[in-house]
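Student: Quick one: structure below, then a few questions.
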Amino acid sequence: MRKAGDTEVSFQTLIAPAPFADEISCQCQAPHEKLTITQACLGTPVDRPVRVYADGIFDLFHSGHARALMQAKTLFPNSYLLVGVCSDDLTHKFKGFTVMNETERYEALRHCRYVDEVIRDAPWTLTPEFLEKHKIDFVAHDDIPYSSAGSDDVYKHIKEAGMFVPTQRTEGISTSDIITRIVRDYDVYARRNLQRGYTAKELNVSFINEKKYRFQNQVDKMKEKVKNVEEKSKEFVNKVEEKSHDLIQKWEEKSREFIGNFLELFGPDGAWKQMFQERSGRMLQALSPRQSPTSSPTRGRSPSRSPSPPSPWVFNKASPPSSPKAASASISSMSEGDEDEK
């Protein structure tokens with residue numbers, strides 16, 4: 001057996017599981033004098049912690065247990081918490097069958113941060129010899145009378161001795177509540193464990209119920225697959241709708257842009273009309289005849305002026321000269337006419 005002071009053991013529980021009482025021996029550095037609650041609340045004596053004891057079954061260790069131990073640990077400024085855990089024999093005799101065996105319950109307490117020391121096979125009713133052996137100053141438990149083992153309250157003599165310090169129960173959580181949930185939803189948990197590989201024999205399930213549970217598991221799987229397909233289908237439809245909306249917006253923007261460009265080119269005042277008009281003007285100008293200048297001698301003559309006599313140089317096609325002599329005579333007469341005009 002290893003020996004350790006209360007302070008040293010309390011520090012060790014922060015970095016390692018709490019030790020068992022039968023593996024260590026308590027060595028108080030000062031005489032273990034009886035303390036009052038007032039003295040303990042003041043933090044005296046300064047040379048040793050106040051030794052607080054809490055006991056229980058602690059089956060299916062839960063947050064309600066941990067909160068009770070936290071209250072017991074923090075009752076006084078300087079405290080050392082011992083936790084007694086009853087054995088399977090005592091528990092089955094006075095309270096009933098447990099889910100966890102005693103070894104599992106011991107280990108659960110060792111790993112609670114508020115526990116400094118675990119006492120295995122704790123007594124159902126506390127005796128003066130047990131209190132003296134473990135140098136217990138105060139006992140912490142909820143204030144509800146605990147009737148058991150032929151007594152109306154197993155803590156009655158502790159209360160009369162002024163060693164009882166009450167703690168508060170945590171509402172809504174208890175070992176009985178947890179077991180009630182399991183029993184109420186037995187089929188759910190049986191199907192769950194079958195699905196996880198446990199055999200019908202391990203679960204104490206009949207052949208018919210096993211087949212029923214397995215069939216229900218298959219139905220649930222199919223429902224889950226259908227649900228997943230529906231969710232994926234909804235996601236796909238939503239994505240298609242979003243993309244369709246984006247495409248419609250882009251199509252509308254492109255349509256407006258195309259119509260605007262078309263109107264700019266082919267509209268009433270569009271560039272194509274102006275270009276057509278320019279080219280039509282050029283073609284008309286190219287196809288129309290050019291007019292003679294206004295200063296032409298022909299346009300300068302008055303309309304009342306008598307027409308000029310025919311030029312003597314114009315030969316009469318109907319009566320050509322009959323002989324060379326006649327021709328020379330006509331030429332000479334034309335020359336004379338010219339001289340008279342000059």
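Starting from 1 in every chain, residues are counted up; chains themselves are A, B, ... following the order of the structure tokens, and ligands are numbered from 1 as listed.
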Once DSSP has gone over the backbone, tell me which residues of segment 107-209 of chain A are in helix (DSSP H, G or I), as a ChimeraX atom specification.

Tutor: /A:107-110,128-133,156-160,175-184,186-195,207-209

Student: From the DSSP assignment of the backbone, select every residue of segment 66-189 of chain A that is strand (DSSP E), and format the answer as a list in words.

Tutor: Ser79, Tyr80, Leu81, Leu82, Val83, Gly84, Val85, Glu117, Val118, Ile119, Arg120, Phe138, Val139, Ala140, His141, Asp142, Phe164, Val165, Pro166 and Thr167 of chain A

Student: Expressed in Å to a single decimal, how great is the separation between atom CA of Leu265 of chain A and atom CA of Glu278 of chain A?

Tutor: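 Atom CA of Glu278 of chain A lies at a distance of 15.0 Å from atom CA of Leu265 of chain A.
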
Student: Any idea what's packed within 10 Å of Gly64 of chain A, counting only C-alpha atoms, ignoring anything in its chain fewer than 3 positions away? Could you give it as a PyMOL selection string?

Tutor: chain A and resi 58+61+67-70+168-175

Student: Neighbouring residues of Val118 of chain A were defined as those with any atom within 10 Å, considering only C-alpha atoms; residues of the same chain fewer than 3 positions away were excluded. Please report them as a VMD selection string.

Tutor: chain A and resid 17 to 23 53 to 55 81 to 85 106 to 107 109 to 110 115 121 to 122

Student: Please compute the atom CA of Tyr80 of chain A-atom CA of Gly162 of chain A distance, one decimal, in Å.

Tutor: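 For atom CA of Tyr80 of chain A relative to atom CA of Gly162 of chain A, the distance reads 18.5 Å.
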
Student: Excluding Gly150 of chain A and its own-chain neighbours fewer than 4 positions away, which residues fall within 12 Å of it when counting only C-alpha atoms? Please give them as a PyMOL selection string.

Tutor: chain A and resi 94+124-125+146+154

Student: Would you export the selected residues with N, CA and C atoms as a CSV table (one decimal), in the first residue's frame, please?

Tutor:
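Just written: result_14.csv:
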chain,number,residue,atom,x,y,z
A,94,PHE,N,-30.6,-4.5,-1.7
A,94,PHE,CA,-31.4,-3.4,-1.1
A,94,PHE,C,-32.0,-2.5,-2.2
A,124,TRP,N,-23.7,0.2,3.3
A,124,TRP,CA,-25.1,0.8,2.9
A,124,TRP,C,-25.5,1.8,4.0
A,125,THR,N,-25.1,1.5,5.2
A,125,THR,CA,-25.4,2.4,6.3
A,125,THR,C,-24.0,2.8,7.0
A,146,TYR,N,-33.8,9.1,2.7
A,146,TYR,CA,-33.6,7.9,1.9
A,146,TYR,C,-33.9,6.7,2.8
A,154,VAL,N,-31.5,6.6,6.1
A,154,VAL,CA,-30.3,6.0,6.5
A,154,VAL,C,-29.3,7.0,6.9

Student: Could you check the closest approach to Val139 of chain A for each of A:Arg48, A:Lys273, A:Arg282, A:Lys159 and tell me which residue wins, using only C-alpha atoms?

Tutor: A:Lys159

Student: Considering only C-alpha atoms, return as a list of chain:residue names whatever protein or nucleic-acid residues lie within 9 Å of segment 213-217 of chain A, sequence-local ones (same chain, fewer than 4 positions apart) excluded.

Tutor: A:Asp187, A:Val188, A:Ala190, A:Arg191, A:Arg192, A:Leu194, A:Gln195, A:Ile208, A:Asn209, A:Lys221, A:Met222
